[in-house]
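Below is run-v7.csv, which holds CSV, C-alpha atoms and all ligand atoms.
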chain,number,residue,atom,x,y,z
A,1283,MET,CA,-5.9,40.7,-19.3
A,1284,SER,CA,-2.6,41.0,-17.6
A,1285,ALA,CA,-0.4,44.0,-18.2
A,1286,LYS,CA,2.5,41.6,-19.0
A,1287,SER,CA,2.0,39.8,-22.2
A,1288,GLY,CA,3.5,39.6,-25.7
A,1289,PRO,CA,7.2,39.5,-26.4
A,1290,ASN,CA,8.2,40.9,-23.1
A,1291,LEU,CA,6.9,37.9,-21.2
A,1292,LEU,CA,9.3,35.3,-19.9
A,1293,VAL,CA,7.9,31.9,-19.4
A,1294,GLY,CA,9.6,29.1,-17.5
A,1295,ILE,CA,8.5,25.5,-18.1
A,1296,ALA,CA,9.2,23.3,-15.0
A,1297,PHE,CA,9.2,19.5,-15.2
A,1298,ASN,CA,10.5,16.6,-13.2
A,1299,ALA,CA,13.5,15.1,-15.0
A,1300,TYR,CA,13.9,11.3,-15.0
A,1301,ASP,CA,16.9,10.4,-12.9
A,1302,PRO,CA,17.9,6.7,-13.0
A,1303,LEU,CA,19.6,7.0,-9.5
A,1304,THR,CA,16.5,8.1,-7.7
A,1305,ALA,CA,13.6,6.7,-9.8
A,1306,ASN,CA,12.4,3.2,-9.9
A,1307,LYS,CA,13.3,1.7,-13.3
A,1308,VAL,CA,9.8,0.3,-13.8
A,1309,ASP,CA,8.4,3.8,-14.0
A,1310,ARG,CA,10.8,5.0,-16.6
A,1311,PRO,CA,8.5,5.4,-19.6
A,1312,SER,CA,5.9,7.5,-17.6
A,1313,GLU,CA,8.7,9.5,-15.9
A,1314,GLU,CA,10.5,10.2,-19.1
A,1315,SER,CA,7.4,11.3,-20.9
A,1316,VAL,CA,7.3,14.5,-18.9
A,1317,GLU,CA,10.4,15.8,-20.6
A,1318,GLN,CA,8.9,15.3,-24.0
A,1319,THR,CA,5.8,17.2,-22.8
A,1320,ALA,CA,8.0,20.1,-21.6
A,1321,LYS,CA,9.6,20.3,-25.1
A,1322,GLU,CA,6.2,20.3,-26.8
A,1323,VAL,CA,5.0,23.0,-24.5
A,1324,LEU,CA,8.2,25.0,-25.2
A,1325,THR,CA,7.4,24.9,-28.9
A,1326,ALA,CA,3.8,26.0,-28.3
A,1327,VAL,CA,4.8,28.9,-26.1
A,1328,THR,CA,7.5,30.0,-28.4
A,1329,GLU,CA,5.0,30.0,-31.3
A,1330,LEU,CA,3.0,32.4,-29.1
A,1331,GLY,CA,5.9,34.8,-29.4
A,1332,TYR,CA,7.0,34.5,-25.8
A,1333,ALA,CA,10.6,33.9,-24.6
A,1334,ALA,CA,10.6,30.6,-22.9
A,1335,PHE,CA,13.0,28.1,-21.3
A,1336,ILE,CA,12.8,24.8,-19.6
A,1337,ILE,CA,13.7,24.2,-16.0
A,1338,PRO,CA,14.3,20.6,-15.0
A,1339,LEU,CA,13.6,19.6,-11.5
A,1340,GLN,CA,16.3,17.1,-10.6
A,1341,LYS,CA,17.5,15.7,-7.3
A,1342,SER,CA,18.6,19.0,-5.8
A,1343,PHE,CA,15.6,21.2,-5.0
A,1344,MET,CA,18.0,24.0,-4.1
A,1345,ASN,CA,19.4,24.0,-7.6
A,1346,PHE,CA,15.9,24.2,-9.0
A,1347,CYS,CA,15.2,27.2,-6.8
A,1348,GLN,CA,18.5,28.8,-7.8
A,1349,ARG,CA,17.6,28.4,-11.5
A,1350,LEU,CA,14.2,29.9,-10.9
A,1351,LYS,CA,15.8,32.9,-9.2
A,1352,THR,CA,18.4,33.4,-11.8
A,1353,LEU,CA,16.1,33.2,-14.8
A,1354,ASN,CA,13.4,35.2,-13.0
A,1355,ALA,CA,10.4,34.1,-15.2
A,1356,ASP,CA,7.2,36.1,-15.1
A,1357,VAL,CA,5.2,32.9,-15.0
A,1358,LEU,CA,5.9,29.2,-14.7
A,1359,ILE,CA,4.2,26.3,-16.5
A,1360,ASN,CA,4.3,23.7,-13.9
A,1361,LEU,CA,4.5,20.2,-15.4
A,1362,CYS,CA,6.1,18.6,-12.3
A,1363,GLU,CA,4.4,15.3,-11.4
A,1364,ALA,CA,6.9,14.0,-8.9
A,1365,PHE,CA,10.1,14.7,-7.1
A,1366,LEU,CA,12.9,12.1,-6.7
A,1367,GLY,CA,10.6,9.8,-8.7
A,1368,ARG,CA,7.9,10.1,-6.1
A,1369,PRO,CA,4.4,11.3,-7.2
A,1370,GLN,CA,3.6,11.8,-3.4
A,1371,LEU,CA,5.9,14.9,-3.5
A,1372,GLU,CA,4.1,16.4,-6.5
A,1373,ALA,CA,2.1,18.7,-4.3
A,1374,ASN,CA,5.1,19.8,-2.3
A,1375,VAL,CA,6.6,21.3,-5.5
A,1376,ALA,CA,3.5,23.3,-6.1
A,1377,ALA,CA,3.5,24.3,-2.4
A,1378,ALA,CA,7.0,25.6,-2.7
A,1379,LEU,CA,6.1,27.7,-5.7
A,1380,GLU,CA,3.2,29.1,-3.7
A,1381,LEU,CA,5.6,30.1,-0.9
A,1382,LEU,CA,8.1,31.6,-3.4
A,1383,GLY,CA,5.3,33.7,-4.9
A,1384,VAL,CA,5.9,32.4,-8.4
A,1385,PRO,CA,2.7,32.5,-10.5
A,1386,PHE,CA,2.2,29.1,-12.1
A,1387,THR,CA,-0.3,27.3,-14.3
A,1388,GLY,CA,-2.2,24.2,-13.2
A,1389,ASN,CA,-3.6,23.1,-9.9
A,1390,ASP,CA,-2.6,24.3,-6.5
A,1391,SER,CA,-0.9,22.2,-3.9
A,1392,ARG,CA,-4.0,21.3,-1.9
A,1393,THR,CA,-5.8,19.9,-4.9
A,1394,LEU,CA,-2.8,18.0,-6.1
A,1395,ALA,CA,-2.4,16.5,-2.6
A,1396,LEU,CA,-6.1,15.6,-2.3
A,1397,CYS,CA,-6.3,13.9,-5.7
A,1398,LEU,CA,-3.2,11.8,-5.2
A,1399,ASP,CA,-5.1,10.1,-2.4
A,1400,LYS,CA,-7.7,8.2,-4.3
A,1401,TYR,CA,-9.7,7.1,-1.2
A,1402,LYS,CA,-10.0,10.7,0.2
A,1403,THR,CA,-10.9,12.0,-3.2
A,1404,LYS,CA,-13.7,9.4,-3.3
A,1405,ALA,CA,-14.9,10.7,0.1
A,1406,VAL,CA,-15.1,14.2,-1.2
A,1407,LEU,CA,-16.9,13.2,-4.4
A,1408,LYS,CA,-19.4,11.2,-2.4
A,1409,SER,CA,-20.0,14.1,-0.1
A,1410,PHE,CA,-21.0,16.1,-3.2
A,1411,GLY,CA,-23.4,13.3,-4.3
A,1412,LEU,CA,-21.1,12.2,-7.1
A,1413,PRO,CA,-20.9,8.5,-8.0
A,1414,THR,CA,-17.7,6.5,-7.4
A,1415,PRO,CA,-17.4,2.7,-7.0
A,1416,PRO,CA,-17.8,1.2,-3.5
A,1417,ALA,CA,-14.4,0.7,-2.0
A,1418,VAL,CA,-12.4,-0.1,1.1
A,1419,LEU,CA,-9.0,1.2,2.1
A,1420,ALA,CA,-6.8,-1.7,3.1
A,1421,GLU,CA,-4.1,-0.6,5.6
A,1422,SER,CA,-2.7,-4.2,5.9
A,1423,PRO,CA,-2.7,-7.2,3.6
A,1424,ASP,CA,-4.8,-9.3,6.0
A,1425,GLN,CA,-7.6,-6.7,6.5
A,1426,LYS,CA,-11.1,-8.1,6.1
A,1427,ILE,CA,-12.7,-6.7,3.0
A,1428,ASN,CA,-16.5,-6.7,3.0
A,1429,LEU,CA,-17.1,-6.2,-0.8
A,1430,PRO,CA,-18.4,-8.7,-3.4
A,1431,PHE,CA,-16.0,-9.9,-6.2
A,1432,PRO,CA,-14.9,-9.0,-8.7
A,1433,LEU,CA,-12.6,-6.3,-7.2
A,1434,ILE,CA,-9.7,-4.3,-8.4
A,1435,VAL,CA,-6.7,-3.7,-6.0
A,1436,LYS,CA,-4.7,-0.5,-6.6
A,1437,PRO,CA,-2.1,1.5,-4.7
A,1438,ASN,CA,-4.0,4.3,-3.1
A,1439,ASN,CA,-1.4,7.1,-3.7
A,1440,GLU,CA,0.0,6.7,-7.2
A,1441,ASP,CA,-0.9,7.8,-10.6
A,1442,ALA,CA,-0.2,7.0,-14.3
A,1443,SER,CA,-1.4,3.4,-13.8
A,1444,LEU,CA,1.5,2.6,-11.6
A,1445,GLY,CA,0.8,-0.7,-9.9
A,1446,ILE,CA,-2.1,-1.5,-12.2
A,1447,HIS,CA,-1.7,-4.8,-14.1
A,1448,PRO,CA,-4.1,-7.5,-15.4
A,1449,GLU,CA,-3.6,-9.3,-12.0
A,1450,SER,CA,-5.0,-6.3,-10.2
A,1451,VAL,CA,-8.5,-7.5,-11.1
A,1452,VAL,CA,-9.3,-10.2,-8.6
A,1453,ARG,CA,-12.1,-12.7,-8.5
A,1454,ASP,CA,-11.6,-14.6,-5.3
A,1455,GLU,CA,-10.1,-14.4,-1.8
A,1456,ASP,CA,-6.7,-15.9,-2.9
A,1457,GLY,CA,-6.3,-13.3,-5.6
A,1458,LEU,CA,-7.2,-10.5,-3.3
A,1459,ARG,CA,-4.7,-11.5,-0.6
A,1460,ARG,CA,-2.0,-12.0,-3.3
A,1461,GLN,CA,-2.6,-8.4,-4.6
A,1462,LEU,CA,-2.8,-6.8,-1.2
A,1463,GLY,CA,0.6,-8.4,-0.3
A,1464,HIS,CA,2.0,-7.2,-3.6
A,1465,ILE,CA,1.0,-3.6,-3.0
A,1466,GLN,CA,2.4,-3.8,0.4
A,1467,ASP,CA,5.8,-5.2,-0.9
A,1468,VAL,CA,6.2,-2.9,-3.9
A,1469,PHE,CA,4.6,0.4,-2.7
A,1470,GLY,CA,4.5,0.1,1.1
A,1471,GLU,CA,1.3,2.1,1.2
A,1472,PRO,CA,-2.4,1.3,1.7
A,1473,ALA,CA,-4.3,-0.4,-1.1
A,1474,LEU,CA,-7.6,0.8,-2.5
A,1475,VAL,CA,-9.9,-2.2,-3.0
A,1476,GLU,CA,-12.6,-1.2,-5.3
A,1477,ALA,CA,-15.6,-2.8,-7.0
A,1478,TYR,CA,-14.5,-3.7,-10.4
A,1479,ILE,CA,-16.8,-2.0,-12.9
A,1480,GLU,CA,-17.3,-4.2,-15.9
A,1481,GLY,CA,-18.1,-1.9,-18.8
A,1482,ARG,CA,-16.9,1.0,-20.9
A,1483,GLU,CA,-14.2,3.5,-19.9
A,1484,PHE,CA,-14.4,7.2,-20.6
A,1485,ASN,CA,-12.5,10.3,-19.6
A,1486,VAL,CA,-13.5,13.9,-19.7
A,1487,ALA,CA,-11.0,16.8,-19.9
A,1488,VAL,CA,-12.2,19.9,-18.1
A,1489,ARG,CA,-10.9,23.4,-19.0
A,1490,ASP,CA,-11.4,26.3,-16.7
A,1491,ALA,CA,-10.8,29.4,-19.0
A,1492,GLU,CA,-13.5,31.9,-19.6
A,1493,LYS,CA,-15.8,29.4,-17.8
A,1494,THR,CA,-15.4,25.9,-16.4
A,1495,GLU,CA,-16.3,23.5,-19.3
A,1496,ALA,CA,-16.1,19.9,-20.2
A,1497,LEU,CA,-14.4,19.1,-23.5
A,1498,PRO,CA,-15.6,16.3,-25.8
A,1499,VAL,CA,-15.7,12.9,-24.1
A,1500,SER,CA,-13.0,10.3,-24.9
A,1501,GLU,CA,-13.3,6.6,-24.7
A,1502,ILE,CA,-10.7,3.9,-24.3
A,1503,GLU,CA,-11.9,1.1,-26.5
A,1504,PHE,CA,-11.1,-2.4,-25.5
A,1505,GLU,CA,-12.3,-4.2,-28.6
A,1506,GLY,CA,-9.1,-5.9,-29.5
A,1507,MET,CA,-8.2,-7.0,-25.9
A,1508,PRO,CA,-7.2,-10.7,-25.7
A,1509,GLU,CA,-10.0,-12.7,-24.2
A,1510,ASN,CA,-8.1,-13.8,-21.1
A,1511,GLN,CA,-7.2,-10.2,-20.1
A,1512,PRO,CA,-9.4,-7.8,-18.2
A,1513,ASN,CA,-10.5,-4.6,-20.0
A,1514,ILE,CA,-8.3,-2.1,-18.0
A,1515,CYS,CA,-5.8,0.6,-18.7
A,1516,SER,CA,-2.8,-1.1,-17.1
A,1517,TYR,CA,0.7,0.3,-16.9
A,1518,ALA,CA,1.7,-1.6,-20.0
A,1519,ALA,CA,-1.5,-0.4,-21.8
A,1520,LYS,CA,-0.5,3.2,-21.1
A,1521,TRP,CA,3.2,3.1,-21.5
A,1522,HIS,CA,4.5,0.2,-23.6
A,1523,PRO,CA,3.7,0.9,-27.2
A,1524,ASP,CA,5.0,-2.6,-28.3
A,1525,ASP,CA,2.8,-4.4,-25.9
A,1526,VAL,CA,-0.4,-6.1,-27.0
A,1527,LEU,CA,-2.2,-4.4,-24.1
A,1528,PHE,CA,-1.2,-1.0,-25.4
A,1529,GLN,CA,-2.4,-1.9,-28.9
A,1530,SER,CA,-5.7,-3.2,-27.6
A,1531,THR,CA,-6.6,0.0,-25.8
A,1532,PRO,CA,-6.9,2.7,-28.5
A,1533,PRO,CA,-8.4,6.0,-27.4
A,1534,ARG,CA,-11.2,7.6,-29.4
A,1535,CYS,CA,-12.2,11.2,-29.1
A,1536,PRO,CA,-15.0,12.2,-29.5
A,1537,ALA,CA,-16.4,9.0,-28.1
A,1538,SER,CA,-19.2,7.3,-30.0
A,1539,ILE,CA,-21.9,7.7,-27.3
A,1540,ASP,CA,-25.5,8.9,-27.2
A,1541,ASP,CA,-26.2,12.5,-26.2
A,1542,GLY,CA,-27.7,11.5,-22.8
A,1543,LEU,CA,-24.6,9.7,-21.6
A,1544,ARG,CA,-22.3,12.4,-23.0
A,1545,THR,CA,-24.1,15.2,-21.3
A,1546,LEU,CA,-24.2,13.2,-18.0
A,1547,LEU,CA,-20.5,12.5,-18.1
A,1548,GLN,CA,-19.7,16.1,-18.9
A,1549,GLU,CA,-22.0,17.5,-16.2
A,1550,ILE,CA,-20.5,15.2,-13.5
A,1551,ALA,CA,-17.0,16.1,-14.7
A,1552,VAL,CA,-17.6,19.8,-14.1
A,1553,LYS,CA,-19.1,19.0,-10.7
A,1554,ALA,CA,-16.1,16.8,-9.8
A,1555,PHE,CA,-13.7,19.6,-10.9
A,1556,SER,CA,-15.4,22.0,-8.6
A,1557,ALA,CA,-15.7,19.5,-5.7
A,1558,CYS,CA,-12.0,19.0,-5.7
A,1559,GLU,CA,-11.4,22.7,-6.1
A,1560,CYS,CA,-9.5,22.3,-9.3
A,1561,ARG,CA,-8.4,25.2,-11.4
A,1562,ASP,CA,-7.1,25.6,-15.0
A,1563,TYR,CA,-7.3,22.0,-16.1
A,1564,ALA,CA,-8.0,18.4,-15.0
A,1565,ARG,CA,-9.2,15.1,-16.4
A,1566,VAL,CA,-11.9,12.9,-14.9
A,1567,ASP,CA,-11.7,9.1,-15.5
A,1568,TYR,CA,-14.9,7.0,-15.5
A,1569,ARG,CA,-16.2,3.5,-15.9
A,1570,VAL,CA,-19.8,3.1,-17.0
A,1571,ASP,CA,-21.4,-0.2,-16.0
A,1572,LYS,CA,-23.6,-2.5,-18.2
A,1573,LYS,CA,-26.7,-0.6,-16.9
A,1574,GLY,CA,-25.3,2.7,-18.1
A,1575,ARG,CA,-24.4,4.0,-14.7
A,1576,PRO,CA,-21.2,6.2,-14.5
A,1577,PHE,CA,-18.7,5.9,-11.7
A,1578,ILE,CA,-15.8,8.3,-11.3
A,1579,LEU,CA,-12.5,6.4,-10.8
A,1580,GLU,CA,-10.4,9.5,-10.1
A,1581,VAL,CA,-9.8,13.1,-10.8
A,1582,ASN,CA,-6.4,13.9,-12.4
A,1583,PRO,CA,-5.4,17.5,-11.6
A,1584,ASN,CA,-2.1,17.0,-13.4
A,1585,PRO,CA,-3.0,14.8,-16.3
A,1586,ASP,CA,-0.6,13.9,-19.1
A,1587,ILE,CA,-0.8,17.0,-21.2
A,1588,SER,CA,1.5,16.0,-24.1
A,1589,LEU,CA,0.3,16.3,-27.7
A,1590,ASN,CA,-0.4,12.6,-28.1
A,1591,ALA,CA,-2.3,12.2,-24.8
A,1592,GLY,CA,-6.0,12.5,-24.0
A,1593,TYR,CA,-6.1,16.1,-22.8
A,1594,ALA,CA,-4.6,17.5,-26.0
A,1595,ARG,CA,-6.8,15.2,-28.1
A,1596,ALA,CA,-9.9,16.6,-26.3
A,1597,LEU,CA,-8.7,20.1,-26.9
A,1598,GLY,CA,-8.3,19.3,-30.6
A,1599,ALA,CA,-11.8,17.7,-30.8
A,1600,ALA,CA,-13.1,21.0,-29.2
A,1601,GLY,CA,-11.3,23.0,-31.9
A,1602,VAL,CA,-8.9,24.6,-29.4
A,1603,GLU,CA,-5.4,25.0,-30.6
A,1604,TYR,CA,-2.8,23.6,-28.2
A,1605,LYS,CA,-0.8,26.9,-28.1
A,1606,ASN,CA,-4.0,29.0,-27.5
A,1607,PHE,CA,-4.8,26.7,-24.6
A,1608,TRP,CA,-1.4,27.6,-23.1
A,1609,LYS,CA,-2.0,31.3,-23.7
A,1610,GLN,CA,-5.2,31.1,-21.7
A,1611,MET,CA,-3.4,29.2,-18.9
A,1612,ILE,CA,-0.5,31.7,-18.8
A,1613,ASP,CA,-2.9,34.6,-18.7
A,1614,LYS,CA,-4.8,33.1,-15.8
A,1615,ALA,CA,-1.6,32.4,-13.8
A,1616,LEU,CA,-0.5,36.0,-14.4
A,1617,LEU,CA,-3.8,37.3,-13.1
A,1618,ARG,CA,-3.5,35.2,-10.0
A,1619,GLY,CA,0.0,36.6,-9.5
A,1620,GLU,CA,-1.3,40.2,-9.8
A,1621,LYS,CA,-4.1,39.6,-7.3
A,1622,ARG,CA,-1.5,38.2,-4.9
B,1,LIG,N1,-13.1,0.3,-10.2
B,1,LIG,C1,-12.6,0.0,-11.4
B,1,LIG,N2,-13.3,-0.7,-12.2
B,1,LIG,C2,-12.8,-1.0,-13.5
B,1,LIG,N3,-11.6,-0.7,-13.9
B,1,LIG,C3,-10.9,0.1,-13.1
B,1,LIG,C4,-11.3,0.5,-11.8
B,1,LIG,N4,-10.3,1.2,-11.2
B,1,LIG,C5,-9.3,1.3,-12.1
B,1,LIG,N5,-9.6,0.6,-13.2
B,1,LIG,C6,-8.8,0.5,-14.4
B,1,LIG,O1,-7.4,0.8,-14.0
B,1,LIG,C7,-7.0,2.0,-14.7
B,1,LIG,C8,-6.2,2.9,-13.8
B,1,LIG,O2,-6.9,3.2,-12.6
B,1,LIG,P1,-7.0,4.7,-12.0
B,1,LIG,O3,-7.8,4.6,-10.8
B,1,LIG,O4,-7.5,5.6,-13.1
B,1,LIG,O5,-5.5,5.0,-11.6
B,1,LIG,P2,-4.3,5.8,-12.2
B,1,LIG,O6,-4.2,7.0,-11.3
B,1,LIG,O7,-3.2,5.0,-12.2
B,1,LIG,O8,-4.7,6.2,-13.6
B,1,LIG,C9,-8.3,2.7,-15.2
B,1,LIG,O9,-8.0,3.5,-16.3
B,1,LIG,C10,-9.2,1.5,-15.5
B,1,LIG,O10,-8.9,0.9,-16.7
B,2,MG,MG,-6.5,7.1,-14.2
Is it possible to give me this structure as structure tokens?
Amino acid sequence: MSAKSGPNLLVGIAFNAYDPLTANKVDRPSEESVEQTAKEVLTAVTELGYAAFIIPLQKSFMNFCQRLKTLNADVLINLCEAFLGRPQLEANVAAALELLGVPFTGNDSRTLALCLDKYKTKAVLKSFGLPTPPAVLAESPDQKINLPFPLIVKPNNEDASLGIHPESVVRDEDGLRRQLGHIQDVFGEPALVEAYIEGREFNVAVRDAEKTEALPVSEIEFEGMPENQPNICSYAAKWHPDDVLFQSTPPRCPASIDDGLRTLLQEIAVKAFSACECRDYARVDYRVDKKGRPFILEVNPNPDISLNAGYARALGAAGVEYKNFWKQMIDKALLRGEKR
């Protein structure tokens, strides 16, 4: 336990603020949600009896540093998922905090950078013997892809279902070329072309407190999905509450699954957490095919941690109070700071 705790502790809560001038309008709901998370975390931390304040990261990184310096928090809760609307700079924010010597909660810059590259993450998972769908990284829209249909085409370096739409699932060469061109035009980055796993979707939140443990498994249920739509968590399904795709993808935690599959998903999640050298918290996303074989889609080292999202739901299902989770994370960050 750290020497600094209780009412004397000053906690900063950093988040990337939505800025209409720098961000892409399409991303607005996912970008804006981080501010709401910051407010919820502020309430939780205040309930713990700590003095806390929010530090928005806006377009001037120097101003952000200046505020950090002036407020001089003992520890920072780092909710920053992007800079200038770009998730690719998420790791740079953590890296700057590391250089400044500010103890902060959540994953370090190396893990954040790794996991934002879906293809490299898959390579790491494979090297640890963990299952992930067969995939090819397409550097250009006309690259030959030696994988059988159906496939899903995703931007390789994004998160929050950015660039994921029903059309992302392709069943023939025309669809594949159309989507590769689309990723090139909209994101200007390589596309991950992956075997489309027909089946159920689960995610497992992992918490690294007294020990690294998997929380109860969640399922995204697709039962109400219109018949002409693929069963996926597209951007609209995640971020547009009025959309039929959102309404047809309700989460359920704990998932209704047999003990064998639950244990398997939880064991793999803990191994994936350690393979990606995660710390504090992360969420592992899966598809399970019709034969019951799990495939990891990705490891999220900076998952949506708001009260109405999957991670907090899993904490609730495990009987862990949101504020107590944050107390554990704060204590861990302080300990790391002391060791430094
Ligand atoms: N290989 C796949 N097979 C089936 N569905 C997939 C596959 N890859 C992605 N999806 C669907 O797309 C969603 C978003 O993909 P994911 O790789 O998790 O990216 P993000 O970082 O945007 O969450 C998943 O939740 C899932 O519904
Ligand atoms: Mg995901």
Nearby residues, ligand LIG 1 (chain B), 9 Å, all atoms listed in the file, as a PyMOL selection string: chain A and resi 1398+1400+1414-1417+1433-1447+1450-1451+1475-1485+1502+1512-1517+1520+1566-1571+1577-1582
Selection as a PyMOL selection string: residues within 9 Å of (7.2, 12.9, -18.7), counting all atoms listed in the file: chain A and resi 1297-1300+1310-1320+1361-1363+1586+1588
Top pick for closest residue to ligand MG 2 (chain B), considering A:Lys1426, A:Arg1565, A:Arg1349, A:Arg1392 and counting all atoms listed in the file: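 Counting all atoms listed in the file, the residue closest to ligand MG 2 (chain B) is A:Arg1565.
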Distance in Å - CA of Arg1622 (chain A) versus CA of Cys1560 (chain A): 18.3 Å
For ligand MG 2 (chain B), the nearest of the candidates A:Phe1410, A:Cys1397, A:Lys1573, A:Ala1378, counting all atoms listed in the file: A:Cys1397
Atomic separation - CA of Tyr1593 (chain A) relative to CA of Ala1491 (chain A), Å: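 These two atoms are separated by 14.6 Å.
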Two-atom distance - CA of Leu1350 (chain A), CA of Val1488 (chain A) (Å):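 One can read the CA of Leu1350 (chain A) to CA of Val1488 (chain A) distance as 29.1 Å.
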Which residue of A:Phe1386, A:Ile1295, A:Ala1600, A:Ala1564 approaches ligand MG 2 (chain B) most closely, using all atoms listed in the file: A:Ala1564
A:Ser1538, A:Asn1584, A:Ser1530, A:Thr1494 ranked by distance to ligand MG 2 (chain B), top pick (using all atoms listed in the file):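 Ranking A:Ser1538, A:Asn1584, A:Ser1530, A:Thr1494 by distance to ligand MG 2 (chain B), first place goes to A:Asn1584.
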Near-Ala1615 (chain A) list (6 Å; only C-alpha atoms; drop same-chain fewer than 3 positions) as a ChimeraX atom specification: /A:1385-1387,1612,1618
Could you turn the residues from that selection into a file that holds C-alpha atoms, as a PDB file, keeping the file's coordinate frame?
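result26.pdb written:
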ATOM      1  CA  PRO A1385       2.700  32.500 -10.500  1.00  0.00           C
ATOM      2  CA  PHE A1386       2.200  29.100 -12.100  1.00  0.00           C
ATOM      3  CA  THR A1387      -0.300  27.300 -14.300  1.00  0.00           C
ATOM      4  CA  ILE A1612      -0.500  31.700 -18.800  1.00  0.00           C
ATOM      5  CA  ARG A1618      -3.500  35.200 -10.000  1.00  0.00           C
TER       6      ARG A1618
END
Counting all atoms listed in the file, the residue of A:Ala1591, A:Leu1330, A:Ala1557, A:Ala1473 that sits nearest Ala1405 (chain A):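 Among the listed residues, the smallest separation from Ala1405 (chain A) belongs to A:Ala1557.
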Of the listed residues A:Ile1427, A:Leu1617, A:Ala1596, A:Pro1583, that which approaches ligand MG 2 (chain B) most closely, counting only C-alpha atoms and all ligand atoms: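 Of A:Ile1427, A:Leu1617, A:Ala1596, A:Pro1583, the one nearest ligand MG 2 (chain B) is A:Pro1583, counting only C-alpha atoms and all ligand atoms.
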Region 1289-1300 of chain A: axis-aligned bounding box, 3 Å on each side, centre and edge lengths in Å, one decimal, as AutoDock Vina command-line options:
--center_x 10.4 --center_y 26.1 --center_z -19.8 --size_x 13.0 --size_y 35.6 --size_z 19.2
Long-range neighbours of Pro1533 (chain A) as a list in words, 7 Å cut-off, all atoms listed in the file, 3 positions minimum in chain: Ser1500, Glu1501, Ile1502 and Glu1503 of chain A
Selection near Leu1379 (chain A), 10 Å with only C-alpha atoms, sequence-local residues under 5 positions removed, as a PyMOL selection string: chain A and resi 1347+1350+1358+1360+1373-1374+1384-1386+1390-1391
Could those residues be written to a file, using C-alpha atoms, as a compact mmCIF listing (two decimals), in the coordinates of the input?
# COMPACT_ATOMS: atom_id res chain seq x y z
CA CYS A 1347 15.20 27.20 -6.80
CA LEU A 1350 14.20 29.90 -10.90
CA LEU A 1358 5.90 29.20 -14.70
CA ASN A 1360 4.30 23.70 -13.90
CA ALA A 1373 2.10 18.70 -4.30
CA ASN A 1374 5.10 19.80 -2.30
CA VAL A 1384 5.90 32.40 -8.40
CA PRO A 1385 2.70 32.50 -10.50
CA PHE A 1386 2.20 29.10 -12.10
CA ASP A 1390 -2.60 24.30 -6.50
CA SER A 1391 -0.90 22.20 -3.90
Shell around Leu1589 (chain A) at 10 Å using all atoms listed in the file, local window under 4 positions removed, as a JSON list (two decimals) with C-alpha atoms, in the coordinates of the input:
[["chain", "number", "residue", "atom", "x", "y", "z"],
["A", 1318, "GLN", "CA", 8.90, 15.30, -24.00],
["A", 1319, "THR", "CA", 5.80, 17.20, -22.80],
["A", 1322, "GLU", "CA", 6.20, 20.30, -26.80],
["A", 1323, "VAL", "CA", 5.00, 23.00, -24.50],
["A", 1593, "TYR", "CA", -6.10, 16.10, -22.80],
["A", 1594, "ALA", "CA", -4.60, 17.50, -26.00],
["A", 1595, "ARG", "CA", -6.80, 15.20, -28.10],
["A", 1597, "LEU", "CA", -8.70, 20.10, -26.90],
["A", 1598, "GLY", "CA", -8.30, 19.30, -30.60],
["A", 1604, "TYR", "CA", -2.80, 23.60, -28.20]]
